[in-house]
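**Student:** Take a look at this one; I'll ask things after.
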Amino acid sequence: MDANPDNVPFDEFVKLLRHALHHLYDPDWLRSSQLAVLCNVAGRFDTPSALQRILIDAIASLQPSSSEPPQSRAWRIYDALYYRYVRQQEREDVADQLGISGRQLRREQHTAIEVLADVLWREYKVRPILPVQLITDAQEKPAADTELVDDQDFAWIRETLPDRSTEIQPAINEVIQLTERMAQAMGAQVDVFLAAHLPYLAVPPVAFRQILLSLLAVAIPHALKGRILLSAVLEDFSGKFTIICSQPTSTPMAIENDHETQNIEMAKRLVRMCDGSLEVSTRQQVFQIELNLPVVGHLPVLVVDDNPDALQLYQRYVAGTSYWVTGTSEPKEVMNLARKIAAKVIVLDVMMPEVDGWEILGRLRQETTTSQIPIIVCSILPQEPLARSLGANAFLRKPVSRLEFLQALDTISPAR
């Protein structure tokens with residue numbers, strides 16, 4: 001957003017806001033913050049609590065509606081602000097809860113703070129402020145993140161995950177058409193083998209195509225006028241892609257060309273942004289590339305909880321994983337839903353107003369169609385021995401982190 005020439009520059013306003021959020025529960029710091037001046041609460045007896053309430057309310061205003069998809073960008077912005085600053089959780093814990101890396105969380109926070117700043121900027125008529133009043137303390141200036149700067153060109157990828165997905169076969173067909181002339185000029189041929197019924201990739205189509213283009217730009221010269229096999233299968237709940245030159249050489253191969261090195265590095269950066277993995281091997285005189293990318297969830301999980309916020313939280317926990325969550329707050333729907341979605345796992349709360357969760361657990365274990373489905377009891381009650389004695393396969397004590405939730409699913413899921 002461009003700065004208003006009559007007011008403090010917007011980037012300085014963002015900086016003041018960032019500092020205030022880091023000191024959200026420090027009354028002395030809030031009292032002397034220039035943000036209190038800009039938000040018209042300076043010099044009051046309740047300045048710290050007034051500024052704190054302004055910031056918390058502004059964050060609350062960003063909470064998406066219940067109809068918003070749990071994996072949407074709006075939820076990522078809200079969660080990054082709420083858990084890090086309102087709940088005061090450590091950065092590592094927030095990153096774990098959101099299922100992203102620490103570096104990715106810094107990107108999310110950077111965007112989220114700018115969105116929050118825009119909300120406050122529009123709500124309050126920001127008053128002029130002299131440069132000498134601006135915070136210039138070097139120890140509060142965030143250190144440069146070289147890796148973040150390097151990946152700024154690819155920020156759009158993270159912003160679209162996991163909202164965009166890719167159908168594998170059409171995307172590969174496009175890549176083969178784009179590289180056809182290059183392959184012909186070098187006397188190489190690319191053969192494609194795709195396993196049946198491949199799921200969609202949890203990767204933006206443009207990113208997937210560019211990853212393959214970068215890798216084929218390296219593989220085709222190494223084919224030595226021979227064939228290249230590009231295969232795709234589902235393995236360990238990821239899309240596994242292998243590119244191999246079918247004619248081994250008599251001498252070891254290596255990536256020495258700067259152009260090839262740059263293409264490999266470009267592919268690695270894109271794969272990293274998509275939460276995948278990439279390995280290039282030249283061992284045993286064979287040039288081979290192995291690429292793994294996440295697929296859209298295809299393991300149904302039924303969650304039974306009377307708290308709608310908890311259901312949405314679990315849906316966000318599994319975003320971008322091999323699981324997808326169907327939630328219900330109606331205990332009477334459990335049996336039908338379990339059969340309808342062919343649930344692989346059932347997550348069950350036991351503190352519900354109308355029906356006791358222990359009673360539901362007993363029914364699930366008695367019913368033929370649900371008796372073998374693994375069940376995780378998730379409760380605030382410290383009653384793991386009871387849960388297991390009644391047939392639960394695992395127990396989680398609320399509140400539950402994303403890591404704990406996914407580890408429990410991974411441990412008991414029969415598809416694992």
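Chains: A, B, ... in order of the structure tokens. Residues: from 1 per chain. Ligands: from 1, in order shown.
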Within 7 Å of stretch 323-338 of chain A, counting only C-alpha atoms, which residues qualify if same-chain residues fewer than 2 places away don't, as a ChimeraX atom specification?

**Tutor:** /A:297-307,311,315,318,321,340-343,355

**Student:** Grab the residues selected above and save them as an mmCIF file, in the first residue's frame with N, CA and C atoms.

**Tutor:**
data_model
loop_
_atom_site.group_PDB
_atom_site.id
_atom_site.type_symbol
_atom_site.label_atom_id
_atom_site.label_comp_id
_atom_site.auth_asym_id
_atom_site.auth_seq_id
_atom_site.Cartn_x
_atom_site.Cartn_y
_atom_site.Cartn_z
ATOM 1 N N GLY A 297 -5.584 -35.210 -0.014
ATOM 2 C CA GLY A 297 -6.007 -36.224 0.946
ATOM 3 C C GLY A 297 -6.969 -37.248 0.375
ATOM 4 N N HIS A 298 -6.701 -38.511 0.653
ATOM 5 C CA HIS A 298 -7.581 -39.569 0.154
ATOM 6 C C HIS A 298 -7.856 -40.628 1.211
ATOM 7 N N LEU A 299 -7.498 -40.349 2.470
ATOM 8 C CA LEU A 299 -7.803 -41.260 3.567
ATOM 9 C C LEU A 299 -8.853 -40.596 4.461
ATOM 10 N N PRO A 300 -10.110 -41.047 4.410
ATOM 11 C CA PRO A 300 -11.181 -40.378 5.154
ATOM 12 C C PRO A 300 -11.100 -40.617 6.652
ATOM 13 N N VAL A 301 -11.235 -39.536 7.411
ATOM 14 C CA VAL A 301 -11.239 -39.583 8.870
ATOM 15 C C VAL A 301 -12.534 -38.939 9.353
ATOM 16 N N LEU A 302 -13.278 -39.631 10.205
ATOM 17 C CA LEU A 302 -14.511 -39.100 10.789
ATOM 18 C C LEU A 302 -14.203 -38.574 12.185
ATOM 19 N N VAL A 303 -14.506 -37.289 12.415
ATOM 20 C CA VAL A 303 -14.294 -36.672 13.726
ATOM 21 C C VAL A 303 -15.649 -36.344 14.338
ATOM 22 N N VAL A 304 -15.853 -36.802 15.559
ATOM 23 C CA VAL A 304 -17.106 -36.568 16.281
ATOM 24 C C VAL A 304 -16.810 -35.656 17.463
ATOM 25 N N ASP A 305 -17.306 -34.418 17.392
ATOM 26 C CA ASP A 305 -17.040 -33.438 18.447
ATOM 27 C C ASP A 305 -18.153 -32.395 18.410
ATOM 28 N N ASP A 306 -18.676 -32.017 19.563
ATOM 29 C CA ASP A 306 -19.773 -31.055 19.591
ATOM 30 C C ASP A 306 -19.312 -29.617 19.428
ATOM 31 N N ASN A 307 -17.998 -29.394 19.371
ATOM 32 C CA ASN A 307 -17.440 -28.050 19.235
ATOM 33 C C ASN A 307 -17.090 -27.782 17.769
ATOM 34 N N LEU A 311 -13.788 -29.001 15.208
ATOM 35 C CA LEU A 311 -13.898 -29.686 13.916
ATOM 36 C C LEU A 311 -13.126 -28.939 12.845
ATOM 37 N N GLN A 315 -9.692 -30.092 10.646
ATOM 38 C CA GLN A 315 -9.645 -29.999 9.187
ATOM 39 C C GLN A 315 -8.414 -29.226 8.730
ATOM 40 N N VAL A 318 -5.135 -31.388 8.926
ATOM 41 C CA VAL A 318 -4.848 -32.391 7.892
ATOM 42 C C VAL A 318 -4.675 -31.775 6.505
ATOM 43 N N THR A 321 -2.167 -33.052 3.727
ATOM 44 C CA THR A 321 -1.693 -34.396 4.055
ATOM 45 C C THR A 321 -2.518 -35.419 3.283
ATOM 46 N N LYS A 340 -20.832 -44.241 5.158
ATOM 47 C CA LYS A 340 -20.947 -43.447 3.936
ATOM 48 C C LYS A 340 -19.603 -43.006 3.399
ATOM 49 N N ILE A 341 -18.707 -42.552 4.263
ATOM 50 C CA ILE A 341 -17.395 -42.063 3.798
ATOM 51 C C ILE A 341 -16.333 -43.146 3.835
ATOM 52 N N ALA A 342 -16.697 -44.355 4.275
ATOM 53 C CA ALA A 342 -15.730 -45.459 4.413
ATOM 54 C C ALA A 342 -14.552 -45.013 5.275
ATOM 55 N N ALA A 343 -14.873 -44.538 6.462
ATOM 56 C CA ALA A 343 -13.863 -43.972 7.348
ATOM 57 C C ALA A 343 -12.752 -44.967 7.647
ATOM 58 N N VAL A 355 -25.314 -37.155 24.085
ATOM 59 C CA VAL A 355 -24.969 -38.580 24.151
ATOM 60 C C VAL A 355 -23.558 -38.734 24.710
#

**Student:** Tell me which protein, DNA and RNA residues are within 7 Å of stretch 364-381 of chain A, counting only C-alpha atoms, leaving out same-chain ones fewer than 3 positions away, and put them as a PyMOL selection string.

**Tutor:** chain A and resi 344-350+360-361+387+391-398+412-413

**Student:** Using only N, CA and C atoms, please write the residues we just selected to a file, as a PDB file, in the first residue's frame.

**Tutor:**
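Just written: again.pdb:
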ATOM      1  N   LYS A 344     -11.518 -44.484   7.550  1.00  0.00           N
ATOM      2  CA  LYS A 344     -10.354 -45.290   7.909  1.00  0.00           C
ATOM      3  C   LYS A 344     -10.003 -45.138   9.383  1.00  0.00           C
ATOM      4  N   VAL A 345     -10.388 -43.993   9.966  1.00  0.00           N
ATOM      5  CA  VAL A 345     -10.148 -43.723  11.380  1.00  0.00           C
ATOM      6  C   VAL A 345     -11.324 -42.900  11.901  1.00  0.00           C
ATOM      7  N   ILE A 346     -11.705 -43.108  13.159  1.00  0.00           N
ATOM      8  CA  ILE A 346     -12.723 -42.293  13.815  1.00  0.00           C
ATOM      9  C   ILE A 346     -12.079 -41.620  15.027  1.00  0.00           C
ATOM     10  N   VAL A 347     -12.244 -40.301  15.116  1.00  0.00           N
ATOM     11  CA  VAL A 347     -11.751 -39.522  16.256  1.00  0.00           C
ATOM     12  C   VAL A 347     -12.974 -39.111  17.071  1.00  0.00           C
ATOM     13  N   LEU A 348     -12.993 -39.457  18.340  1.00  0.00           N
ATOM     14  CA  LEU A 348     -14.213 -39.350  19.141  1.00  0.00           C
ATOM     15  C   LEU A 348     -13.978 -38.567  20.430  1.00  0.00           C
ATOM     16  N   ASP A 349     -14.762 -37.492  20.588  1.00  0.00           N
ATOM     17  CA  ASP A 349     -14.806 -36.783  21.872  1.00  0.00           C
ATOM     18  C   ASP A 349     -15.798 -37.518  22.773  1.00  0.00           C
ATOM     19  N   VAL A 350     -15.599 -37.441  24.089  1.00  0.00           N
ATOM     20  CA  VAL A 350     -16.519 -38.156  24.982  1.00  0.00           C
ATOM     21  C   VAL A 350     -17.350 -37.216  25.846  1.00  0.00           C
ATOM     22  N   ILE A 360     -21.143 -44.100  22.549  1.00  0.00           N
ATOM     23  CA  ILE A 360     -20.873 -44.176  21.106  1.00  0.00           C
ATOM     24  C   ILE A 360     -19.741 -45.138  20.831  1.00  0.00           C
ATOM     25  N   LEU A 361     -18.698 -45.076  21.656  1.00  0.00           N
ATOM     26  CA  LEU A 361     -17.558 -45.988  21.478  1.00  0.00           C
ATOM     27  C   LEU A 361     -18.022 -47.439  21.570  1.00  0.00           C
ATOM     28  N   ALA A 387     -10.516 -45.537  28.171  1.00  0.00           N
ATOM     29  CA  ALA A 387     -10.729 -45.494  26.722  1.00  0.00           C
ATOM     30  C   ALA A 387     -10.202 -46.758  26.059  1.00  0.00           C
ATOM     31  N   GLY A 391     -12.046 -50.232  24.002  1.00  0.00           N
ATOM     32  CA  GLY A 391     -11.802 -50.535  22.598  1.00  0.00           C
ATOM     33  C   GLY A 391     -11.135 -49.458  21.781  1.00  0.00           C
ATOM     34  N   ALA A 392     -10.752 -48.330  22.411  1.00  0.00           N
ATOM     35  CA  ALA A 392     -10.045 -47.286  21.666  1.00  0.00           C
ATOM     36  C   ALA A 392      -8.633 -47.750  21.335  1.00  0.00           C
ATOM     37  N   ASN A 393      -8.175 -47.387  20.143  1.00  0.00           N
ATOM     38  CA  ASN A 393      -6.816 -47.748  19.720  1.00  0.00           C
ATOM     39  C   ASN A 393      -5.770 -46.736  20.165  1.00  0.00           C
ATOM     40  N   ALA A 394      -6.208 -45.512  20.431  1.00  0.00           N
ATOM     41  CA  ALA A 394      -5.286 -44.458  20.860  1.00  0.00           C
ATOM     42  C   ALA A 394      -6.062 -43.429  21.664  1.00  0.00           C
ATOM     43  N   PHE A 395      -5.315 -42.622  22.425  1.00  0.00           N
ATOM     44  CA  PHE A 395      -5.937 -41.596  23.260  1.00  0.00           C
ATOM     45  C   PHE A 395      -5.128 -40.315  23.154  1.00  0.00           C
ATOM     46  N   LEU A 396      -5.839 -39.192  22.967  1.00  0.00           N
ATOM     47  CA  LEU A 396      -5.200 -37.879  22.927  1.00  0.00           C
ATOM     48  C   LEU A 396      -5.860 -36.982  23.962  1.00  0.00           C
ATOM     49  N   ARG A 397      -5.054 -36.306  24.739  1.00  0.00           N
ATOM     50  CA  ARG A 397      -5.567 -35.383  25.757  1.00  0.00           C
ATOM     51  C   ARG A 397      -5.633 -33.974  25.164  1.00  0.00           C
ATOM     52  N   LYS A 398      -6.807 -33.375  25.204  1.00  0.00           N
ATOM     53  CA  LYS A 398      -6.959 -32.008  24.700  1.00  0.00           C
ATOM     54  C   LYS A 398      -6.257 -31.015  25.617  1.00  0.00           C
ATOM     55  N   ILE A 412      -2.117 -45.451  13.746  1.00  0.00           N
ATOM     56  CA  ILE A 412      -3.186 -46.446  13.760  1.00  0.00           C
ATOM     57  C   ILE A 412      -3.907 -46.619  12.451  1.00  0.00           C
ATOM     58  N   SER A 413      -3.642 -45.752  11.457  1.00  0.00           N
ATOM     59  CA  SER A 413      -4.346 -45.875  10.188  1.00  0.00           C
ATOM     60  C   SER A 413      -4.015 -47.200   9.519  1.00  0.00           C
TER      61      SER A 413
END

**Student:** For the structure I just gave you, how does DSSP split stretch 262-313 of chain A - specifically, which residues are strand (DSSP E)? Reply as a ChimeraX atom specification.

**Tutor:** /A:277-281,288-294,299-304

**Student:** Which residue is closest to A:Ile264? Choose from A:Asp79, A:Glu180, A:Glu279, A:Asp57 and count only C-alpha atoms.

**Tutor:**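 Smallest distance to A:Ile264 is found for A:Glu279.
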
**Student:** For atom CA of A:Gln109 and atom CA of A:Ala310, determine how far apart the two atoms are, in Å to one decimal place.

**Tutor:**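 So the answer is 22.9 Å.
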
**Student:** Would you compute the distance between atom CA of A:Val271 and atom CA of A:Val203? Give it in Å to one decimal.

**Tutor:**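 Pair atom CA of A:Val271 / atom CA of A:Val203 returns 9.3 Å.
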
**Student:** Neighbours of A:Phe45 within 12 Å (only C-alpha atoms; same-chain residues fewer than 4 positions away dropped), as a PyMOL selection string?

**Tutor:** chain A and resi 27+31+41+49-51

**Student:** So that I have them on file, write out the residues from the current selection with C-alpha atoms, as a short mmCIF file (atom, residue, chain, number, x, y, z; two decimals), in the first residue's frame.

**Tutor:**
data_model
loop_
_atom_site.label_atom_id
_atom_site.label_comp_id
_atom_site.auth_asym_id
_atom_site.auth_seq_id
_atom_site.Cartn_x
_atom_site.Cartn_y
_atom_site.Cartn_z
CA PRO A 27 2.14 -2.84 29.84
CA ARG A 31 2.30 2.64 27.31
CA VAL A 41 -5.14 6.04 23.15
CA SER A 49 -5.04 -2.26 28.10
CA ALA A 50 -6.71 -0.01 25.51
CA LEU A 51 -3.98 -0.60 22.92
#

**Student:** Measuring atom to atom with only C-alpha atoms, identify which of A:Gln383, A:Gln312, A:Ser389, A:Gln288 is nearest to A:Pro70.

**Tutor:** A:Gln312

**Student:** Record the distance separating atom CA of A:Leu116 and atom CA of A:Tyr317, expressed in Å with one decimal.

**Tutor:**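 Separation of atom CA of A:Leu116 and atom CA of A:Tyr317: 23.5 Å.
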
**Student:** Using only C-alpha atoms, which of the listed residues (A:Cys274, A:Gln97, A:Asp11, A:Gln89) sits closest to A:Glu404?

**Tutor:** A:Gln97
